[in-house]
Each structure stands twice: as structure tokens, then as C-alpha cells.
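Asks: Dropping in structure26.cif, with mmCIF, C-alpha atoms.
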```
data_target
loop_
_atom_site.label_atom_id
_atom_site.label_comp_id
_atom_site.auth_asym_id
_atom_site.auth_seq_id
_atom_site.Cartn_x
_atom_site.Cartn_y
_atom_site.Cartn_z
CA MET A 160 117.38 119.57 -31.01
CA PRO A 161 120.63 121.39 -30.33
CA LEU A 162 123.88 120.16 -28.81
CA ASP A 163 123.50 118.63 -25.33
CA PRO A 164 123.73 121.65 -22.96
CA ALA A 165 126.06 119.71 -20.65
CA ILE A 166 128.55 119.44 -23.52
CA ALA A 167 127.97 122.99 -24.78
CA ALA A 168 128.77 124.28 -21.28
CA ARG A 169 132.21 122.63 -21.41
CA LEU A 170 133.25 124.04 -24.81
CA LYS A 171 135.61 126.99 -25.04
CA ARG A 172 135.24 128.59 -28.44
CA THR A 173 137.36 131.04 -30.43
CA ALA A 174 136.05 134.57 -30.93
CA ASP A 175 134.12 133.31 -33.97
CA GLY A 176 132.44 130.50 -32.04
CA LEU A 177 134.57 127.63 -33.30
CA VAL A 178 136.60 124.79 -31.81
CA PRO A 179 139.44 123.07 -33.71
CA ALA A 180 138.93 119.35 -34.35
CA VAL A 181 141.96 117.10 -34.79
CA VAL A 182 141.05 114.15 -37.00
CA GLN A 183 142.92 110.88 -36.55
CA GLN A 184 142.65 107.49 -38.27
CA HIS A 185 141.43 105.25 -35.45
CA ASP A 186 143.66 102.23 -36.09
CA THR A 187 146.91 103.52 -37.62
CA GLY A 188 147.03 106.70 -35.52
CA GLU A 189 147.75 108.90 -38.56
CA VAL A 190 146.74 112.53 -38.00
CA LEU A 191 144.66 113.14 -41.12
CA MET A 192 143.66 116.80 -40.94
CA LEU A 193 142.41 119.61 -38.75
CA ALA A 194 139.01 121.16 -39.25
CA TRP A 195 136.63 123.43 -37.32
CA MET A 196 133.34 122.81 -35.54
CA ASP A 197 130.71 124.98 -34.00
CA ASP A 198 128.10 123.58 -31.61
CA GLU A 199 125.82 122.49 -34.46
CA ALA A 200 128.63 120.70 -36.35
CA LEU A 201 129.55 118.81 -33.18
CA HIS A 202 125.91 117.94 -32.59
CA ARG A 203 125.55 116.59 -36.12
CA THR A 204 128.79 114.62 -35.81
CA LEU A 205 127.69 113.00 -32.54
CA THR A 206 124.18 112.17 -33.74
CA THR A 207 124.97 110.99 -37.28
CA GLY A 208 128.38 109.36 -36.83
CA ARG A 209 129.61 111.20 -39.91
CA ALA A 210 132.22 113.89 -39.42
CA THR A 211 130.65 117.29 -40.02
CA TYR A 212 132.54 120.59 -39.93
CA TRP A 213 132.07 124.31 -40.33
CA SER A 214 133.85 125.66 -43.39
CA ARG A 215 135.33 129.04 -42.55
CA SER A 216 135.89 129.89 -46.22
CA ARG A 217 132.47 128.81 -47.52
CA ARG A 218 130.64 129.76 -44.32
CA SER A 219 128.58 126.58 -44.35
CA TYR A 220 128.46 123.09 -42.85
CA TRP A 221 130.08 120.25 -44.74
CA VAL A 222 129.92 116.54 -44.27
CA LYS A 223 133.44 115.37 -45.01
CA GLY A 224 133.36 113.27 -48.19
CA GLU A 225 129.82 114.24 -49.17
CA THR A 226 130.96 115.19 -52.67
CA SER A 227 134.25 113.24 -52.93
CA GLY A 228 132.98 110.02 -51.37
CA ASN A 229 135.90 110.13 -48.93
CA LEU A 230 133.69 109.92 -45.86
CA GLN A 231 134.89 109.83 -42.28
CA HIS A 232 133.02 107.29 -40.16
CA VAL A 233 133.32 108.45 -36.57
CA ARG A 234 134.64 105.93 -34.03
CA SER A 235 135.06 108.22 -31.01
CA VAL A 236 134.98 111.86 -29.97
CA ALA A 237 136.74 113.44 -27.01
CA LEU A 238 137.19 116.94 -25.60
CA ASP A 239 140.53 118.00 -24.22
CA CYS A 240 141.17 119.08 -20.64
CA ASP A 241 140.26 122.71 -21.37
CA GLY A 242 137.28 122.03 -23.64
CA ASP A 243 138.94 124.01 -26.41
CA THR A 244 139.94 121.16 -28.76
CA ILE A 245 138.09 118.12 -30.10
CA LEU A 246 139.77 114.82 -31.03
CA LEU A 247 137.88 112.78 -33.59
CA LYS A 248 138.93 109.20 -34.28
CA VAL A 249 137.53 108.09 -37.61
CA ASP A 250 137.68 105.43 -40.25
CA GLN A 251 138.72 107.45 -43.31
CA VAL A 252 137.53 106.25 -46.70
CA GLY A 253 140.24 107.00 -49.30
CA ALA A 254 142.26 110.20 -49.05
CA ALA A 255 141.65 112.72 -46.29
CA CYS A 256 143.33 115.57 -48.17
CA HIS A 257 141.76 117.44 -51.08
CA THR A 258 145.11 117.11 -52.88
CA GLY A 259 144.62 113.33 -53.02
CA ASP A 260 147.23 112.67 -50.33
CA ARG A 261 146.26 110.28 -47.56
CA THR A 262 146.75 113.01 -44.94
CA CYS A 263 147.03 116.79 -45.14
CA PHE A 264 150.50 116.59 -43.57
CA ASP A 265 152.24 114.41 -46.16
CA ALA A 266 153.66 117.07 -48.47
CA ASP A 267 155.40 119.83 -46.53
CA ARG A 268 157.89 118.62 -43.94
CA LEU A 269 160.10 121.28 -42.34
CA ALA A 270 163.73 120.78 -41.35
CA VAL A 271 164.48 120.65 -37.62
CA THR A 272 168.05 121.89 -37.16
CA PRO A 273 169.10 122.38 -33.55
CA ALA A 274 172.27 124.45 -33.41
CA MET B 226 167.34 135.66 -36.97
CA PRO B 227 163.64 135.25 -37.64
CA LEU B 228 161.70 132.35 -39.16
CA ASP B 229 162.89 131.35 -42.65
CA PRO B 230 160.93 133.69 -45.00
CA ALA B 231 160.16 130.75 -47.32
CA ILE B 232 158.31 129.07 -44.45
CA ALA B 233 156.72 132.28 -43.19
CA ALA B 234 155.28 132.88 -46.66
CA ARG B 235 153.46 129.54 -46.56
CA LEU B 236 151.81 130.07 -43.15
CA LYS B 237 148.17 131.08 -42.91
CA ARG B 238 147.54 132.59 -39.51
CA THR B 239 144.41 133.32 -37.50
CA ALA B 240 143.41 136.96 -36.98
CA ASP B 241 145.72 137.04 -33.94
CA GLY B 242 148.73 135.75 -35.87
CA LEU B 243 148.68 132.16 -34.65
CA VAL B 244 148.67 128.67 -36.16
CA PRO B 245 147.37 125.61 -34.28
CA ALA B 246 149.96 122.89 -33.64
CA VAL B 247 148.81 119.30 -33.22
CA VAL B 248 151.27 117.41 -31.03
CA GLN B 249 151.66 113.68 -31.50
CA GLN B 250 153.85 111.08 -29.80
CA HIS B 251 156.15 109.96 -32.63
CA ASP B 252 156.10 106.20 -32.00
CA THR B 253 152.71 105.36 -30.47
CA GLY B 254 150.76 107.89 -32.55
CA GLU B 255 148.90 109.25 -29.52
CA VAL B 256 147.60 112.78 -30.03
CA LEU B 257 148.92 114.47 -26.92
CA MET B 258 147.61 118.04 -27.07
CA LEU B 259 146.97 121.05 -29.24
CA ALA B 260 148.86 124.30 -28.73
CA TRP B 261 149.45 127.52 -30.65
CA MET B 262 152.48 128.95 -32.43
CA ASP B 263 153.35 132.26 -33.95
CA ASP B 264 156.28 132.66 -36.35
CA GLU B 265 158.78 133.07 -33.51
CA ALA B 266 157.55 129.98 -31.63
CA LEU B 267 157.88 127.91 -34.80
CA HIS B 268 161.35 129.35 -35.39
CA ARG B 269 162.44 128.45 -31.86
CA THR B 270 160.96 124.96 -32.19
CA LEU B 271 162.79 124.29 -35.47
CA THR B 272 166.11 125.65 -34.28
CA THR B 273 166.17 124.21 -30.74
CA GLY B 274 164.35 120.90 -31.20
CA ARG B 275 162.28 121.67 -28.10
CA ALA B 276 158.59 122.33 -28.59
CA THR B 277 157.89 126.01 -27.96
CA TYR B 278 154.44 127.58 -28.04
CA TRP B 279 152.64 130.88 -27.61
CA SER B 280 150.42 130.94 -24.57
CA ARG B 281 147.23 132.83 -25.38
CA SER B 282 146.29 133.16 -21.72
CA ARG B 283 149.70 134.27 -20.43
CA ARG B 284 150.63 136.13 -23.63
CA SER B 285 154.15 134.74 -23.61
CA TYR B 286 156.30 131.99 -25.10
CA TRP B 287 156.63 128.73 -23.23
CA VAL B 288 158.94 125.82 -23.72
CA LYS B 289 156.75 122.80 -22.99
CA GLY B 290 158.05 121.11 -19.83
CA GLU B 291 160.34 123.97 -18.84
CA THR B 292 158.86 124.06 -15.35
CA SER B 293 157.34 120.55 -15.09
CA GLY B 294 160.25 118.69 -16.67
CA ASN B 295 157.81 117.09 -19.11
CA LEU B 296 159.72 118.22 -22.18
CA GLN B 297 158.80 117.46 -25.76
CA HIS B 298 161.81 116.51 -27.89
CA VAL B 299 160.88 117.28 -31.48
CA ARG B 300 161.26 114.48 -34.03
CA SER B 301 159.58 116.12 -37.04
CA VAL B 302 157.52 119.14 -38.05
CA ALA B 303 155.18 119.40 -41.02
CA LEU B 304 152.76 121.98 -42.40
CA ASP B 305 149.43 120.91 -43.78
CA CYS B 306 148.27 121.44 -47.38
CA ASP B 307 146.90 124.92 -46.61
CA GLY B 308 149.72 126.09 -44.35
CA ASP B 309 147.22 126.71 -41.56
CA THR B 310 148.07 123.81 -39.24
CA ILE B 311 151.35 122.40 -37.90
CA LEU B 312 151.91 118.75 -37.00
CA LEU B 313 154.64 118.17 -34.45
CA LYS B 314 155.88 114.65 -33.77
CA VAL B 315 157.65 114.54 -30.45
CA ASP B 316 159.08 112.30 -27.82
CA GLN B 317 157.07 113.29 -24.75
CA VAL B 318 158.74 112.99 -21.35
CA GLY B 319 156.11 112.01 -18.77
CA ALA B 320 152.61 113.42 -18.99
CA ALA B 321 151.63 115.85 -21.74
CA CYS B 322 148.62 117.19 -19.84
CA HIS B 323 148.80 119.61 -16.92
CA THR B 324 146.28 117.36 -15.12
CA GLY B 325 148.86 114.59 -15.02
CA ASP B 326 147.14 112.54 -17.71
CA ARG B 327 149.32 111.19 -20.50
CA THR B 328 147.32 113.13 -23.11
CA CYS B 329 144.89 116.05 -22.89
CA PHE B 330 142.17 113.88 -24.47
CA ASP B 331 142.04 111.07 -21.88
CA ALA B 332 139.34 112.38 -19.56
CA ASP B 333 136.31 113.62 -21.50
CA ARG B 334 134.99 111.20 -24.10
CA LEU B 335 131.65 112.09 -25.68
CA ALA B 336 128.98 109.57 -26.68
CA VAL B 337 128.44 109.06 -30.41
CA THR B 338 124.82 107.98 -30.87
CA PRO B 339 123.67 107.80 -34.49
CA ALA B 340 119.87 107.61 -34.64
#
```
Could you write out this file's structure as C-alpha cells?
Replies:
Amino acid sequence: MPLDPAIAARLKRTADGLVPAVVQQHDTGEVLMLAWMDDEALHRTLTTGRATYWSRSRRSYWVKGETSGNLQHVRSVALDCDGDTILLKVDQVGAACHTGDRTCFDADRLAVTPA
Amino acid sequence: MPLDPAIAARLKRTADGLVPAVVQQHDTGEVLMLAWMDDEALHRTLTTGRATYWSRSRRSYWVKGETSGNLQHVRSVALDCDGDTILLKVDQVGAACHTGDRTCFDADRLAVTPA
């Protein structure tokens, strides 16, 4: 069974059929990472409760944490006003980032220097 | 003056030269919206402290809130581990969404129904 057609009809995809998914820790509000979904990845996420993405580099589906154990248990999923972004609220087991950092945004802060 | 070459060298862009920017309210943690930046938009954001994006539909730069008054005052900017996503923490004046909602993710929640 594919993605609910009523949801599929609302999605606006990039040229390669993908939608960016922002992943947020449900209770602390930390933005953990950004990943990509196609219709099938969204369908699997909604029907299994485990965050599932499309890997652009490996060209395959991946259940986040399947090999590392750092699973993402899905608490809620929402589309944005244009249907071109997904917000996933999850309960993240361990580190979200493959570097071992809690989030993928911990290591490279840029200076904001208004003139 | 263009974007700092040391930052530009770390960015990984889509085929059309863009990087997705996740925009988060700095104190509440709300994810407000997702927008797109090219090098120049990131440069303007870092050097003005006002969130500036590239509009894919209008093919032009836009300072968020320039017409609506709903400005985003930038508190911090970070790159993710791969340099392919930007996280902007802002102080959002008024509504972030063009619909008038506080965030772009308020209106379309999807059901998560594990079997």
C-alpha cells in the first residue's frame, strides 16, 4: 500500500522527487538534523513510527539508527503551508549526528557580524 | 565583498546552488519555517543580522518581513556536519507564515499510525 493519495496530492517535491524533513527532539525542541523523504519514506515513517529517509548518496531507504541503534521514535509529523517541507518531532535515542554529537548543528557555528 | 571563502568552501549546495535553511525561534525552540539560501543570501544574513533568503519562485532575494513587517532578527547561524543545511536561530516578529500562523507547520498535521 502506497502513501495515502490525499497526502501525496499535497506534497511539493524537488526535481528528484524529494521533500526535506526537519527533525526535532519533541521535548527539548533541539533541531537534530535534516534529511530527505520521498513518498515511500514518508509512508513508512507514518505507518511504522520509526523515522525513515531516502539517502541521496546511497540511493536507498534508511531507518535512522538501524545500524547505530540511535533510533528516532516518531511523536508527530506535519507538512508546512506549501507542502514542500516535513517537520518530524521524535524521541531521539543517543546522538542524532554520525559524528557522535547530539545534533548535526553542534560543531560549526558561524559569526554574525552586522556592520 | 562576497561570502567568506572559508565558509563557502564548506557549503554543499543542491544542483541549483542552494542550501536549505531551517529557521527556529531562539527561545521557545519552535521550528518556524524552511527557506533557501545561496552564498549571497548567507553573506547578507551574516553581515546584516536580518534573515535573507533566495526565493525559488520569484528568483530573487528577499529579506524576511521586508513587506509584512514580520522580520527575523538573527541570533545565531550554524552549518550542519555535512555543510548542506543551515540552522538559523532568530527572534521572529509576529507570524512566520504567510498564512498568518505563527509557524508554517501549524496547520497540516499527519496521522502516525503504526500497525
Asks: Evaluating the PyMOL selection byres ((chain A and resi 167-180) around 6) on the displayed file yields which residues, as number ranges by chain?
Replies: A: 164-166, 181, 193-197, 242-246
Asks: Keeping only C-alpha atoms, write the selected residues as an mmCIF file, in the coordinates of the input.
Replies:
```
data_model
loop_
_atom_site.group_PDB
_atom_site.id
_atom_site.type_symbol
_atom_site.label_atom_id
_atom_site.label_comp_id
_atom_site.auth_asym_id
_atom_site.auth_seq_id
_atom_site.Cartn_x
_atom_site.Cartn_y
_atom_site.Cartn_z
ATOM 1 C CA PRO A 164 123.730 121.650 -22.960
ATOM 2 C CA ALA A 165 126.060 119.710 -20.650
ATOM 3 C CA ILE A 166 128.550 119.440 -23.520
ATOM 4 C CA VAL A 181 141.960 117.100 -34.790
ATOM 5 C CA LEU A 193 142.410 119.610 -38.750
ATOM 6 C CA ALA A 194 139.010 121.160 -39.250
ATOM 7 C CA TRP A 195 136.630 123.430 -37.320
ATOM 8 C CA MET A 196 133.340 122.810 -35.540
ATOM 9 C CA ASP A 197 130.710 124.980 -34.000
ATOM 10 C CA GLY A 242 137.280 122.030 -23.640
ATOM 11 C CA ASP A 243 138.940 124.010 -26.410
ATOM 12 C CA THR A 244 139.940 121.160 -28.760
ATOM 13 C CA ILE A 245 138.090 118.120 -30.100
ATOM 14 C CA LEU A 246 139.770 114.820 -31.030
#
```
Asks: When you look at Cys256 (chain A) with a cut-off of 12 Å (counting all atoms listed in the file), what residues show up, excluding the ones that are within fewer than 2 positions of it in the same chain? I need them as a short mmCIF file (atom, residue, chain, number, x, y, z; two decimals) with C-alpha atoms, keeping the file's coordinate frame.
Replies:
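And here is the file that came out, around07.cif:
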```cif
data_model
loop_
_atom_site.label_atom_id
_atom_site.label_comp_id
_atom_site.auth_asym_id
_atom_site.auth_seq_id
_atom_site.Cartn_x
_atom_site.Cartn_y
_atom_site.Cartn_z
CA VAL A 182 141.05 114.15 -37.00
CA VAL A 190 146.74 112.53 -38.00
CA LEU A 191 144.66 113.14 -41.12
CA MET A 192 143.66 116.80 -40.94
CA LEU A 193 142.41 119.61 -38.75
CA ALA A 194 139.01 121.16 -39.25
CA LYS A 223 133.44 115.37 -45.01
CA GLY A 224 133.36 113.27 -48.19
CA SER A 227 134.25 113.24 -52.93
CA ASN A 229 135.90 110.13 -48.93
CA LEU A 230 133.69 109.92 -45.86
CA GLN A 231 134.89 109.83 -42.28
CA GLN A 251 138.72 107.45 -43.31
CA VAL A 252 137.53 106.25 -46.70
CA GLY A 253 140.24 107.00 -49.30
CA ALA A 254 142.26 110.20 -49.05
CA THR A 258 145.11 117.11 -52.88
CA GLY A 259 144.62 113.33 -53.02
CA ASP A 260 147.23 112.67 -50.33
CA ARG A 261 146.26 110.28 -47.56
CA THR A 262 146.75 113.01 -44.94
CA CYS A 263 147.03 116.79 -45.14
CA PHE A 264 150.50 116.59 -43.57
CA ASP A 265 152.24 114.41 -46.16
CA ALA A 266 153.66 117.07 -48.47
CA ASP B 305 149.43 120.91 -43.78
CA CYS B 306 148.27 121.44 -47.38
CA ASP B 307 146.90 124.92 -46.61
#
```
Asks: Please determine the contact residues of chain B with respect to chain A at a cut-off of 6 Å, counting all atoms listed in the file, and supply them as a list in words.
Replies: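 In the required form, that comes to Gly254, Leu271, Thr272, Thr273, Gly274, Val302, Ala303, Leu304, Asp305, Cys306, Cys329, Phe330, Asp333, Arg334, Leu335, Val337, Thr338 and Pro339 of chain B.
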Asks: Write the residues of the preceding selection, restricted to C-alpha atoms, as an mmCIF file, keeping the file's coordinate frame.
Replies:
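Contents of the output file result33.cif:
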```cif
data_model
loop_
_atom_site.group_PDB
_atom_site.id
_atom_site.type_symbol
_atom_site.label_atom_id
_atom_site.label_comp_id
_atom_site.auth_asym_id
_atom_site.auth_seq_id
_atom_site.Cartn_x
_atom_site.Cartn_y
_atom_site.Cartn_z
ATOM 1 C CA GLY B 254 150.760 107.890 -32.550
ATOM 2 C CA LEU B 271 162.790 124.290 -35.470
ATOM 3 C CA THR B 272 166.110 125.650 -34.280
ATOM 4 C CA THR B 273 166.170 124.210 -30.740
ATOM 5 C CA GLY B 274 164.350 120.900 -31.200
ATOM 6 C CA VAL B 302 157.520 119.140 -38.050
ATOM 7 C CA ALA B 303 155.180 119.400 -41.020
ATOM 8 C CA LEU B 304 152.760 121.980 -42.400
ATOM 9 C CA ASP B 305 149.430 120.910 -43.780
ATOM 10 C CA CYS B 306 148.270 121.440 -47.380
ATOM 11 C CA CYS B 329 144.890 116.050 -22.890
ATOM 12 C CA PHE B 330 142.170 113.880 -24.470
ATOM 13 C CA ASP B 333 136.310 113.620 -21.500
ATOM 14 C CA ARG B 334 134.990 111.200 -24.100
ATOM 15 C CA LEU B 335 131.650 112.090 -25.680
ATOM 16 C CA VAL B 337 128.440 109.060 -30.410
ATOM 17 C CA THR B 338 124.820 107.980 -30.870
ATOM 18 C CA PRO B 339 123.670 107.800 -34.490
#
```
Asks: Between CA of His251 (chain B) and CA of His298 (chain B), what distance in Å does the model show, to one decimal?
Replies: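 The value is 9.9 Å.
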Asks: What gap, in Å, lies between CA of Thr211 (chain A) and CA of Asp198 (chain A)?
Replies: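 Here the two named atoms are 10.8 Å from each other.
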Asks: Just give me the gap between CA of Ser285 (chain B) and CA of Leu313 (chain B) in Å, one decimal is fine.
Replies: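 Separating CA of Ser285 (chain B) from CA of Leu313 (chain B) is a distance of 19.8 Å.
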Asks: So, with all atoms listed in the file as the atoms that count, which of B:Ser282, B:Met226, B:Val288, B:Ala276 lies closest to Lys314 (chain B)?
Replies: B:Ala276
